[in-house]
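Next comes upload-v5.tsv, a file with TSV, C-alpha atoms and all ligand atoms.
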```tsv
chain	number	residue	atom	x	y	z
A	1	MET	CA	29.25	-13.23	35.77
A	2	SER	CA	27.99	-9.89	37.18
A	3	THR	CA	24.25	-9.41	37.44
A	4	ARG	CA	24.40	-6.65	34.81
A	5	ARG	CA	26.31	-8.81	32.32
A	6	LYS	CA	23.88	-11.66	32.97
A	7	PHE	CA	21.01	-9.28	32.24
A	8	ILE	CA	22.57	-8.06	28.96
A	9	LYS	CA	23.29	-11.63	27.88
A	10	GLN	CA	19.74	-12.66	28.73
A	11	SER	CA	18.33	-9.65	26.84
A	12	LEU	CA	20.38	-10.48	23.74
A	13	LEU	CA	19.27	-14.08	23.88
A	14	THR	CA	15.66	-13.01	24.22
A	15	SER	CA	15.81	-10.58	21.32
A	16	THR	CA	17.48	-13.17	19.08
A	17	LEU	CA	14.68	-15.59	19.78
A	18	LEU	CA	12.00	-13.02	18.99
A	19	LEU	CA	11.85	-13.62	15.27
A	20	PRO	CA	9.12	-12.19	13.03
A	21	GLY	CA	5.82	-13.85	13.68
A	22	THR	CA	6.51	-14.52	17.32
A	23	ILE	CA	5.15	-12.47	20.15
A	24	ARG	CA	7.35	-9.43	20.63
A	25	GLN	CA	7.66	-7.54	23.85
A	26	GLY	CA	8.75	-4.04	24.55
A	27	THR	CA	7.99	-1.14	26.80
A	28	VAL	CA	6.02	2.03	26.39
A	29	PHE	CA	5.79	4.98	28.73
A	30	PHE	CA	2.30	5.77	29.88
A	31	ARG	CA	1.85	8.56	32.36
A	32	ASN	CA	5.49	8.14	33.35
A	33	LYS	CA	5.07	4.45	34.10
A	34	ARG	CA	6.74	1.76	32.05
A	35	GLN	CA	4.24	-0.79	30.81
A	36	ALA	CA	5.01	-4.06	29.08
A	37	VAL	CA	3.40	-4.40	25.66
A	38	THR	CA	2.73	-7.56	23.78
A	39	GLY	CA	1.91	-7.73	20.11
A	40	ARG	CA	2.21	-9.97	17.11
A	41	LYS	CA	3.80	-9.06	13.79
A	42	PRO	CA	2.95	-9.28	10.96
A	43	LEU	CA	-0.66	-8.36	11.53
A	44	ILE	CA	-3.47	-7.23	9.22
A	45	LEU	CA	-6.75	-5.75	10.47
A	46	SER	CA	-9.78	-4.73	8.48
A	47	THR	CA	-13.32	-3.61	9.12
A	48	TRP	CA	-16.48	-5.74	8.97
A	49	ASN	CA	-17.14	-9.27	7.74
A	50	HIS	CA	-15.88	-8.52	4.25
A	51	GLY	CA	-12.51	-7.99	5.96
A	52	LEU	CA	-11.96	-11.75	6.18
A	53	ALA	CA	-11.57	-12.23	2.41
A	54	ALA	CA	-9.66	-8.97	2.11
A	55	ASN	CA	-7.28	-9.99	4.90
A	56	GLU	CA	-6.70	-13.34	3.22
A	57	LYS	CA	-5.56	-11.61	0.03
A	58	ALA	CA	-3.50	-9.05	1.93
A	59	TRP	CA	-1.70	-11.79	3.86
A	60	GLU	CA	-0.98	-13.74	0.68
A	61	THR	CA	0.31	-10.55	-1.00
A	62	LEU	CA	2.53	-9.72	1.97
A	63	ASN	CA	4.03	-13.19	1.80
A	64	GLN	CA	4.55	-12.96	-1.95
A	65	THR	CA	5.87	-9.41	-2.30
A	66	GLY	CA	7.07	-8.53	1.18
A	67	SER	CA	5.35	-5.16	0.77
A	68	ILE	CA	2.81	-4.05	3.36
A	69	LEU	CA	1.67	-1.34	0.92
A	70	ASP	CA	0.93	-3.91	-1.79
A	71	ALA	CA	-0.84	-5.99	0.84
A	72	VAL	CA	-3.28	-3.26	1.91
A	73	GLU	CA	-3.99	-2.33	-1.71
A	74	GLU	CA	-4.57	-5.87	-2.97
A	75	GLY	CA	-6.59	-6.76	0.12
A	76	VAL	CA	-9.27	-4.11	-0.27
A	77	LYS	CA	-9.43	-4.62	-4.04
A	78	ILE	CA	-11.19	-7.90	-3.26
A	79	THR	CA	-14.03	-5.98	-1.61
A	80	GLU	CA	-14.10	-3.32	-4.33
A	81	ALA	CA	-14.65	-6.02	-6.94
A	82	ASP	CA	-17.17	-8.04	-4.93
A	83	PRO	CA	-20.61	-7.97	-6.62
A	84	ALA	CA	-22.16	-8.72	-3.23
A	85	SER	CA	-20.88	-5.48	-1.73
A	86	ARG	CA	-23.47	-2.71	-1.45
A	87	SER	CA	-21.13	-0.35	0.37
A	88	VAL	CA	-17.76	-0.55	-1.38
A	89	GLY	CA	-16.96	-0.25	-5.09
A	90	LEU	CA	-19.16	0.13	-8.14
A	91	TYR	CA	-21.77	-2.39	-6.99
A	92	GLY	CA	-22.57	-0.12	-4.05
A	93	PHE	CA	-25.70	1.89	-3.35
A	94	PRO	CA	-25.94	5.09	-5.37
A	95	ASP	CA	-26.41	8.68	-4.26
A	96	ARG	CA	-29.73	10.56	-4.47
A	97	GLU	CA	-29.34	10.99	-8.20
A	98	GLY	CA	-28.85	7.27	-8.71
A	99	ILE	CA	-25.10	7.61	-9.36
A	100	VAL	CA	-22.42	5.58	-7.60
A	101	THR	CA	-19.50	7.77	-6.53
A	102	LEU	CA	-16.47	6.36	-4.77
A	103	ASP	CA	-13.95	7.55	-2.17
A	104	ALA	CA	-10.60	5.90	-1.31
A	105	SER	CA	-7.28	6.60	0.35
A	106	ILE	CA	-3.98	4.85	0.92
A	107	MET	CA	-1.08	5.76	3.19
A	108	LYS	CA	2.41	4.57	4.05
A	109	GLY	CA	4.17	4.89	7.36
A	110	ASP	CA	6.62	7.48	6.02
A	111	GLY	CA	3.73	9.89	5.46
A	112	ASP	CA	3.29	9.39	1.73
A	113	CYS	CA	-0.38	9.21	0.87
A	114	GLY	CA	-2.88	9.51	-1.94
A	115	SER	CA	-6.63	9.68	-2.26
A	116	VAL	CA	-9.53	10.09	-4.63
A	117	CYS	CA	-13.04	11.25	-3.90
A	118	PHE	CA	-16.37	11.62	-5.69
A	119	VAL	CA	-15.00	9.50	-8.51
A	120	ARG	CA	-17.16	7.54	-10.99
A	121	GLN	CA	-16.68	4.47	-13.18
A	122	ILE	CA	-13.47	3.27	-11.57
A	123	LYS	CA	-13.43	-0.35	-10.48
A	124	HIS	CA	-10.45	0.08	-8.16
A	125	PRO	CA	-10.39	3.54	-6.61
A	126	ILE	CA	-7.74	2.31	-4.17
A	127	THR	CA	-5.36	1.72	-7.09
A	128	LEU	CA	-6.17	5.17	-8.41
A	129	ALA	CA	-5.43	6.63	-4.97
A	130	ARG	CA	-2.06	4.86	-5.02
A	131	LYS	CA	-1.36	6.30	-8.47
A	132	VAL	CA	-2.13	9.78	-7.13
A	133	MET	CA	0.40	9.13	-4.36
A	134	GLU	CA	3.09	7.72	-6.63
A	135	ASN	CA	2.60	9.52	-9.95
A	136	THR	CA	1.52	13.06	-9.04
A	137	PRO	CA	2.83	15.82	-6.77
A	138	HIS	CA	-0.62	15.87	-5.11
A	139	VAL	CA	-2.40	13.98	-2.37
A	140	MET	CA	-6.03	14.12	-3.47
A	141	LEU	CA	-7.91	14.24	-6.77
A	142	ALA	CA	-11.67	14.68	-7.00
A	143	GLY	CA	-14.49	13.88	-9.39
A	144	GLU	CA	-13.92	14.47	-13.08
A	145	GLY	CA	-10.24	15.32	-12.53
A	146	ALA	CA	-9.70	11.97	-10.83
A	147	ARG	CA	-11.51	10.21	-13.66
A	148	GLN	CA	-9.38	11.99	-16.29
A	149	PHE	CA	-6.25	11.04	-14.38
A	150	ALA	CA	-7.40	7.41	-14.32
A	151	ILE	CA	-7.80	7.47	-18.10
A	152	ALA	CA	-4.35	9.01	-18.50
A	153	GLN	CA	-2.95	6.23	-16.31
A	154	GLY	CA	-4.49	3.60	-18.57
A	155	MET	CA	-7.21	2.52	-16.15
A	156	PRO	CA	-10.38	1.34	-17.91
A	157	LEU	CA	-13.70	3.10	-17.23
A	158	GLU	CA	-16.56	0.82	-16.27
A	159	GLU	CA	-20.06	1.22	-17.62
A	160	GLU	CA	-22.36	3.14	-15.24
A	161	VAL	CA	-25.00	0.54	-14.51
A	162	LEU	CA	-26.41	-0.05	-11.06
A	163	HIS	CA	-26.24	-3.56	-9.66
A	164	PRO	CA	-29.83	-4.91	-9.81
A	165	GLU	CA	-30.05	-5.07	-6.00
A	166	SER	CA	-28.78	-1.52	-5.63
A	167	GLU	CA	-31.22	-0.35	-8.28
A	168	GLU	CA	-34.15	-2.05	-6.60
A	169	ALA	CA	-33.23	-0.54	-3.24
A	170	TYR	CA	-32.76	2.89	-4.82
A	171	LEU	CA	-36.16	2.79	-6.53
A	172	GLU	CA	-37.75	1.83	-3.24
A	173	TRP	CA	-35.92	4.65	-1.47
A	174	LEU	CA	-37.10	7.12	-4.12
A	175	GLU	CA	-40.70	6.52	-3.10
A	176	GLU	CA	-40.11	8.59	0.04
A	177	ALA	CA	-36.65	9.93	-0.76
A	178	GLU	CA	-36.08	10.50	2.90
A	179	TYR	CA	-32.52	10.41	4.09
A	180	ARG	CA	-31.90	8.82	7.42
A	181	PRO	CA	-28.79	7.03	8.54
A	182	ILE	CA	-29.13	3.31	9.19
A	183	ILE	CA	-26.45	1.94	11.43
A	184	ASN	CA	-24.66	-1.32	10.67
A	185	ILE	CA	-26.39	-1.82	7.32
A	186	GLU	CA	-26.27	-5.59	6.71
A	187	ASN	CA	-23.01	-5.75	8.54
A	188	HIS	CA	-20.94	-4.32	5.80
A	189	ASP	CA	-19.79	-0.81	5.23
A	190	THR	CA	-16.55	0.91	4.30
A	191	ILE	CA	-13.53	-1.34	4.28
A	192	GLY	CA	-10.58	0.12	6.13
A	193	MET	CA	-7.43	-1.96	6.44
A	194	VAL	CA	-4.27	-1.37	8.45
A	195	GLY	CA	-1.24	-3.63	8.56
A	196	VAL	CA	2.19	-3.98	10.07
A	197	ASP	CA	4.90	-6.25	8.67
A	198	ALA	CA	7.44	-8.24	10.64
A	199	ASP	CA	9.85	-5.28	10.65
A	200	GLY	CA	7.30	-2.79	11.93
A	201	ASN	CA	6.58	-1.11	8.56
A	202	LEU	CA	3.00	0.09	8.41
A	203	ALA	CA	0.45	0.94	5.73
A	204	GLY	CA	-3.29	1.44	5.45
A	205	SER	CA	-6.09	1.69	2.93
A	206	CYS	CA	-9.72	2.72	3.03
A	207	THR	CA	-12.35	2.51	0.27
A	208	THR	CA	-16.10	3.02	0.08
A	209	SER	CA	-19.10	3.97	-2.00
A	210	GLY	CA	-20.05	6.14	0.97
A	211	LEU	CA	-23.43	6.69	2.48
A	212	ALA	CA	-26.33	5.28	0.53
A	213	TYR	CA	-28.46	8.06	-1.02
A	214	LYS	CA	-26.03	10.77	0.00
A	215	MET	CA	-26.28	14.17	-1.69
A	216	HIS	CA	-24.55	14.21	-5.06
A	217	GLY	CA	-21.07	15.53	-4.38
A	218	ARG	CA	-20.97	14.45	-0.75
A	219	VAL	CA	-17.56	13.20	0.35
A	220	GLY	CA	-17.10	11.22	3.55
A	221	ASP	CA	-14.19	10.59	5.85
A	222	SER	CA	-12.67	7.68	3.92
A	223	PRO	CA	-10.58	9.67	1.40
A	224	ILE	CA	-9.59	12.33	3.94
A	225	ILE	CA	-6.17	11.67	5.37
A	226	GLY	CA	-6.42	11.92	9.15
A	227	ALA	CA	-10.17	11.27	9.21
A	228	GLY	CA	-10.76	7.86	7.59
A	229	LEU	CA	-7.12	6.77	7.64
A	230	TYR	CA	-3.81	7.71	9.21
A	231	VAL	CA	-0.48	5.91	9.36
A	232	ASP	CA	2.79	6.84	11.02
A	233	SER	CA	5.55	4.26	11.18
A	234	ASP	CA	6.90	5.81	14.39
A	235	VAL	CA	3.64	4.93	16.09
A	236	GLY	CA	0.94	2.92	14.32
A	237	ALA	CA	-2.05	3.13	12.02
A	238	ALA	CA	-5.80	3.64	12.35
A	239	THR	CA	-8.82	3.60	10.09
A	240	ALA	CA	-12.49	4.36	10.49
A	241	THR	CA	-15.92	3.25	9.36
A	242	GLY	CA	-19.40	4.60	9.82
A	243	MET	CA	-20.93	8.04	9.59
A	244	GLY	CA	-18.16	10.01	7.95
A	245	GLU	CA	-19.35	13.41	9.13
A	246	THR	CA	-18.90	12.42	12.77
A	247	ILE	CA	-15.42	11.07	12.05
A	248	ILE	CA	-14.24	14.11	10.10
A	249	LYS	CA	-15.25	16.43	12.94
A	250	VAL	CA	-12.73	14.84	15.31
A	251	CYS	CA	-9.95	14.01	12.78
A	252	GLY	CA	-10.65	10.51	14.07
A	253	SER	CA	-7.87	8.33	12.66
A	254	PHE	CA	-5.20	10.97	13.21
A	255	LEU	CA	-6.35	11.35	16.79
A	256	VAL	CA	-6.15	7.61	17.42
A	257	VAL	CA	-2.54	7.61	16.18
A	258	GLU	CA	-1.66	10.70	18.23
A	259	LEU	CA	-3.01	9.08	21.38
A	260	MET	CA	-0.93	5.99	20.65
A	261	ARG	CA	2.07	8.30	20.22
A	262	GLN	CA	1.44	9.45	23.78
A	263	GLY	CA	1.69	5.86	24.96
A	264	ARG	CA	-1.92	4.75	24.85
A	265	SER	CA	-2.64	1.23	23.63
A	266	PRO	CA	-4.55	0.89	20.32
A	267	GLN	CA	-7.64	-0.24	22.26
A	268	ASP	CA	-7.46	2.63	24.70
A	269	ALA	CA	-6.87	5.15	21.89
A	270	CYS	CA	-9.89	3.90	19.92
A	271	GLU	CA	-12.07	4.12	23.03
A	272	GLU	CA	-10.94	7.67	23.79
A	273	VAL	CA	-11.66	8.82	20.23
A	274	VAL	CA	-15.12	7.23	20.19
A	275	GLY	CA	-15.81	9.13	23.44
A	276	ARG	CA	-14.63	12.37	21.83
A	277	LEU	CA	-16.75	11.66	18.74
A	278	ILE	CA	-19.85	11.14	20.87
A	279	GLU	CA	-19.16	14.40	22.71
A	280	LYS	CA	-18.90	16.32	19.44
A	281	ASN	CA	-21.88	14.66	17.76
A	282	LYS	CA	-24.53	14.52	20.47
A	283	ASP	CA	-27.45	15.28	18.17
A	284	GLY	CA	-28.76	12.07	16.67
A	285	ILE	CA	-25.91	9.91	17.96
A	286	GLU	CA	-28.47	7.18	18.78
A	287	ASP	CA	-28.79	6.55	15.01
A	288	MET	CA	-25.17	7.06	14.04
A	289	GLN	CA	-22.58	4.35	14.03
A	290	ALA	CA	-18.84	4.96	13.84
A	291	GLY	CA	-15.96	2.66	14.66
A	292	PHE	CA	-12.18	2.60	14.62
A	293	ILE	CA	-9.55	-0.09	14.36
A	294	ALA	CA	-5.89	0.49	15.11
A	295	VAL	CA	-2.56	-1.30	15.24
A	296	ASN	CA	0.71	-0.06	16.69
A	297	LYS	CA	4.17	-0.78	15.38
A	298	ASP	CA	4.58	-3.59	17.92
A	299	GLY	CA	1.58	-5.39	16.44
A	300	GLU	CA	-0.81	-4.65	19.30
A	301	TYR	CA	-4.29	-3.86	18.04
A	302	GLY	CA	-7.71	-2.69	19.12
A	303	GLY	CA	-11.14	-1.62	17.90
A	304	TYR	CA	-14.10	0.24	19.33
A	305	ALA	CA	-17.42	1.62	18.13
A	306	VAL	CA	-20.25	3.89	19.20
A	307	HIS	CA	-22.90	1.16	18.97
A	308	PRO	CA	-22.86	-2.64	19.14
A	309	GLY	CA	-22.73	-4.54	15.86
A	310	PHE	CA	-19.31	-3.47	14.62
A	311	ASN	CA	-16.74	-6.19	14.04
A	312	PHE	CA	-13.36	-6.53	12.35
A	313	ALA	CA	-11.14	-9.19	10.85
A	314	VAL	CA	-7.73	-9.94	12.34
A	315	HIS	CA	-5.03	-11.88	10.51
A	316	ASP	CA	-1.80	-12.85	12.21
A	317	GLU	CA	0.47	-15.90	12.12
A	318	SER	CA	-2.17	-17.90	13.96
A	319	GLY	CA	-4.84	-17.32	11.29
A	320	ASN	CA	-7.67	-15.09	10.14
A	321	ARG	CA	-10.69	-14.52	12.36
A	322	MET	CA	-13.52	-12.11	13.15
A	323	GLN	CA	-13.58	-10.20	16.37
A	324	ASP	CA	-16.60	-8.39	17.78
A	325	SER	CA	-15.88	-4.83	18.77
A	326	LYS	CA	-16.85	-3.44	22.11
A	327	SER	CA	-18.91	-0.29	22.00
A	328	ARG	CA	-19.77	2.72	24.14
A	329	PHE	CA	-23.51	2.11	24.01
A	330	MET	CA	-25.18	-1.22	24.65
A	331	ASP	CA	-28.04	-2.81	22.74
B	401	LIG	C1	-18.58	7.52	4.69
B	401	LIG	N1	-17.43	6.25	6.37
B	401	LIG	O1	-18.63	7.82	3.50
B	401	LIG	C2	-17.93	6.23	5.04
B	401	LIG	C3	-18.81	5.10	4.69
B	401	LIG	C4	-20.15	5.12	5.20
B	401	LIG	O2	-22.18	4.03	5.16
B	401	LIG	O3	-20.55	5.91	5.98
B	401	LIG	N2	-20.93	4.17	4.75
B	401	LIG	O4	-19.04	8.22	5.57
```
Once more with this new file: its structure as C-alpha cells, please.
Ligand code: SD4
Amino acid sequence: MSTRRKFIKQSLLTSTLLLPGTIRQGTVFFRNKRQAVTGRKPLILSTWNHGLAANEKAWETLNQTGSILDAVEEGVKITEADPASRSVGLYGFPDREGIVTLDASIMKGDGDCGSVCFVRQIKHPITLARKVMENTPHVMLAGEGARQFAIAQGMPLEEEVLHPESEEAYLEWLEEAEYRPIINIENHDTIGMVGVDADGNLAGSCTTSGLAYKMHGRVGDSPIIGAGLYVDSDVGAATATGMGETIIKVCGSFLVVELMRQGRSPQDACEEVVGRLIEKNKDGIEDMQAGFIAVNKDGEYGGYAVHPGFNFAVHDESGNRMQDSKSRFMD
C-alpha cells in the first residue's frame, strides 16, 4: 500500500474512532503555522461556584433533549431561582431605589439571539430573552415593554419583595449610600454559560441582577450581545462577568470570539481581551473585576480575569468540576 493510501486509511480509522465524548483533534492555523488542537465535546462552562449546579442541570438537559440551547437556558434557570443568590434573579441585591432589575441574554451559534434588560418581577429573565428571540422580530426588549411582553407570553409576575438578606444589606448600604465596586462579592456574580454539543453546535446564556446599588435604569454588559455574550458556530462562544462597563467598552465577548476566529485558543483569546480591557479602563482598575470564559467548536476552553478570585465550572464527559481562573494581576 502506498504511503499516501496508508495515511488516508489511517485518517479514516482515526476519525471513525473519534466518537462524541472522546478527545477530538484537529488543526488550526495560527500565524501561518498549523497547530494541533485538543478538545472535548460535549462541554459546558459557566461562571463562578453557582456554575456547578447550573452545569449539572444543563448537562442533564442536553442528554434529555439533545438541544444545546435548551441546556444553556435550563442550566442558568437554576441560579435565577436560587434563593441564596444575591447576584442573579429576583433574590439579588437591588438598585439604589431598592428595586431589583434584571438583565439576560441568550444566543445560538447561527446568530439568532434575544435579550431583556432593566426588567422587573420576572423569575426567569433568560426564558423571556429566549421568547424575544423566538417570538418577536426583535433582539432586545427593555423595562416595562419587556414586562408587558412577558405578560402577553403568559409568564407570571412575581411580587416585588426583597429577599430578607438583600433588604438588610440594602438598608445598611443606605446609611452611607456610597457606590463603590466590590470585586468578587462572595464568589458569586453574573452567571454566564457557554456550551458545545457533540456535533459542534454552540449556544450561550447570561443572566444577572447586575451591580448591587446601581443607578435605577443602569444596564450592564450581560444583556448586550457582543459584550456579555457572543456565539458563532463557525468559531466558538464566550461570556463575561464582572464590571459590565469595562466589558461593554471593549465588546468583550465578541472580541474573544473574533480572536478565536483568527486562530487563537480560547485561553489565549480571553487573556488578550482582559489585557485590552485593562488598557481601556486604567482608572480604578485595581477595584474592578472582570472575567471571560470561552469554548471553541472543538471543545477547547479557557478563562481569564483581571484579578484573582474568579473561577468557573467545567462539565464534560469526565464530570463537573470547578477551575480557578488565572488573572492578569496577582493578590
Ligand atoms: C453587570 N456583569 O451588570 C454584570 C454583573 C455584575 O456585579 O457586574 N455584577 O455589570
Report task. Figure out the distance between atom CA of Tyr179 of chain A and atom CA of Lys214 of chain A, please, to one decimal in Å. Result ->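 According to the coordinates, atom CA of Lys214 of chain A and atom CA of Tyr179 of chain A are separated by 7.7 Å.
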Report task. Name the residues in contact with Pro125 of chain A at a cut-off of 8 Å, using all atoms listed in the file, excluding same-chain residues fewer than 6 positions from it; report them as a list in words. Result -> Gly89, Leu102, Asp103, Ala104, Val116, Val119 and Thr207 of chain A
Write to file, as a compact mmCIF listing (two decimals), in the coordinates of the input, the residues of the selection just made, with C-alpha atoms.
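Result went into part-v9.txt, see below:
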```txt
# COMPACT_ATOMS: atom_id res chain seq x y z
CA GLY A 89 -16.96 -0.25 -5.09
CA LEU A 102 -16.47 6.36 -4.77
CA ASP A 103 -13.95 7.55 -2.17
CA ALA A 104 -10.60 5.90 -1.31
CA VAL A 116 -9.53 10.09 -4.63
CA VAL A 119 -15.00 9.50 -8.51
CA THR A 207 -12.35 2.51 0.27
```
Query raised in the report: Nearest to Gly228 of chain A: which of A:Asn49, A:Ser85, A:Thr79, A:Ser115 is it, counting all atoms listed in the file?
Result: A:Ser115
Requested in this report: May I ask you to write as a PyMOL selection string all residues lying at most 7 Å from ligand LIG 401 (chain B), with only C-alpha atoms and all ligand atoms counted?
Outcome: chain A and resi 87+189-190+208-212+219-222+228+240-245
Requested in this report: Select, from A:Asn311, A:Thr246, A:Gln267, A:Asn320, the residue with the minimum atom-to-atom distance to Asn296 of chain A, counting only C-alpha atoms.
Outcome: A:Gln267
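When only C-alpha atoms are used to measure the gap to Arg40 of chain A, the shortest distance among A:His315, A:Arg276, A:Arg180, A:His163 belongs to A:His315.
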Query raised in the report: Out of A:Ala177, A:Lys77, A:Ala53, A:Gly217, which residue has the shortest atom-to-atom distance to Phe118 of chain A when counting all atoms listed in the file?
Result: A:Gly217
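Across the model, the gap from atom CA of Ala238 of chain A to atom CA of Leu255 of chain A is 8.9 Å.
Counting all atoms listed in the file, Ile278 of chain A has the following residues at most 12 Å away, ignoring those fewer than 3 positions along the same chain: Met243, Glu245, Thr246, Ile247, Lys249, Val250, Gly252, Glu271, Glu272, Val273, Val274, Gly275, Asn281, Lys282, Asp283, Gly284, Ile285, Glu286, Asp287, Met288, Gln289, Ala290, Gly291, Ala305, Val306, His307, Ser327, Arg328 and Phe329 of chain A.
Proximity ranking of A:Arg264, A:His124, A:Arg147, A:Arg218 relative to Val88 of chain A places A:His124 first, based on only C-alpha atoms.
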**Report entry** Val257 of chain A surroundings by all atoms listed in the file, 7 Å radius, close-in-sequence under 6 positions cut, as an MDAnalysis selection string
**Finding:** chainID A and resid 235:238
Requested in this report: For atom CA of Ser205 of chain A and atom CA of Ser318 of chain A, quote the distance in Å rounded to one decimal.
Outcome: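 Atom-to-atom, atom CA of Ser205 of chain A to atom CA of Ser318 of chain A, that is 22.8 Å.
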Is it possible to produce a file of segment 275-289 of chain A from this structure, with N, CA, C and O atoms, as a compact mmCIF listing (two decimals), in the first residue's frame?
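And here's out.txt as it stands now:
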```txt
# COMPACT_ATOMS: atom_id res chain seq x y z
N GLY A 275 -6.38 41.90 28.71
CA GLY A 275 -5.32 42.90 28.52
C GLY A 275 -5.89 44.16 27.88
O GLY A 275 -5.60 45.28 28.33
N ARG A 276 -6.71 43.98 26.85
CA ARG A 276 -7.33 45.12 26.17
C ARG A 276 -8.23 45.89 27.14
O ARG A 276 -8.24 47.11 27.18
N LEU A 277 -8.99 45.12 27.93
CA LEU A 277 -9.93 45.74 28.89
C LEU A 277 -9.16 46.58 29.92
O LEU A 277 -9.57 47.70 30.26
N ILE A 278 -8.03 46.06 30.37
CA ILE A 278 -7.24 46.82 31.35
C ILE A 278 -6.72 48.12 30.72
O ILE A 278 -6.77 49.19 31.33
N GLU A 279 -6.25 47.99 29.48
CA GLU A 279 -5.76 49.17 28.75
C GLU A 279 -6.82 50.26 28.65
O GLU A 279 -6.53 51.44 28.79
N LYS A 280 -8.06 49.85 28.40
CA LYS A 280 -9.14 50.81 28.16
C LYS A 280 -9.82 51.27 29.44
O LYS A 280 -10.74 52.09 29.39
N ASN A 281 -9.46 50.67 30.57
CA ASN A 281 -10.14 51.00 31.82
C ASN A 281 -9.11 51.22 32.93
O ASN A 281 -9.24 50.67 34.02
N LYS A 282 -8.11 52.03 32.63
CA LYS A 282 -6.99 52.14 33.60
C LYS A 282 -7.44 52.74 34.93
O LYS A 282 -7.00 52.32 35.98
N ASP A 283 -8.35 53.72 34.85
CA ASP A 283 -8.77 54.39 36.09
C ASP A 283 -9.57 53.45 36.98
O ASP A 283 -10.65 53.01 36.60
N GLY A 284 -9.06 53.18 38.14
CA GLY A 284 -9.81 52.38 39.12
C GLY A 284 -9.78 50.89 38.86
O GLY A 284 -10.51 50.13 39.50
N ILE A 285 -8.91 50.44 37.96
CA ILE A 285 -8.92 49.01 37.61
C ILE A 285 -8.57 48.14 38.82
O ILE A 285 -8.95 46.97 38.91
N GLU A 286 -7.85 48.75 39.81
CA GLU A 286 -7.48 47.96 40.99
C GLU A 286 -8.71 47.48 41.77
O GLU A 286 -8.65 46.52 42.51
N ASP A 287 -9.85 48.16 41.58
CA ASP A 287 -11.07 47.74 42.29
C ASP A 287 -12.09 47.07 41.36
O ASP A 287 -13.22 46.81 41.77
N MET A 288 -11.72 46.87 40.13
CA MET A 288 -12.71 46.35 39.19
C MET A 288 -12.34 44.96 38.70
O MET A 288 -11.26 44.76 38.13
N GLN A 289 -13.26 44.05 38.90
CA GLN A 289 -13.03 42.69 38.42
C GLN A 289 -13.80 42.49 37.11
O GLN A 289 -14.91 43.02 36.92
```
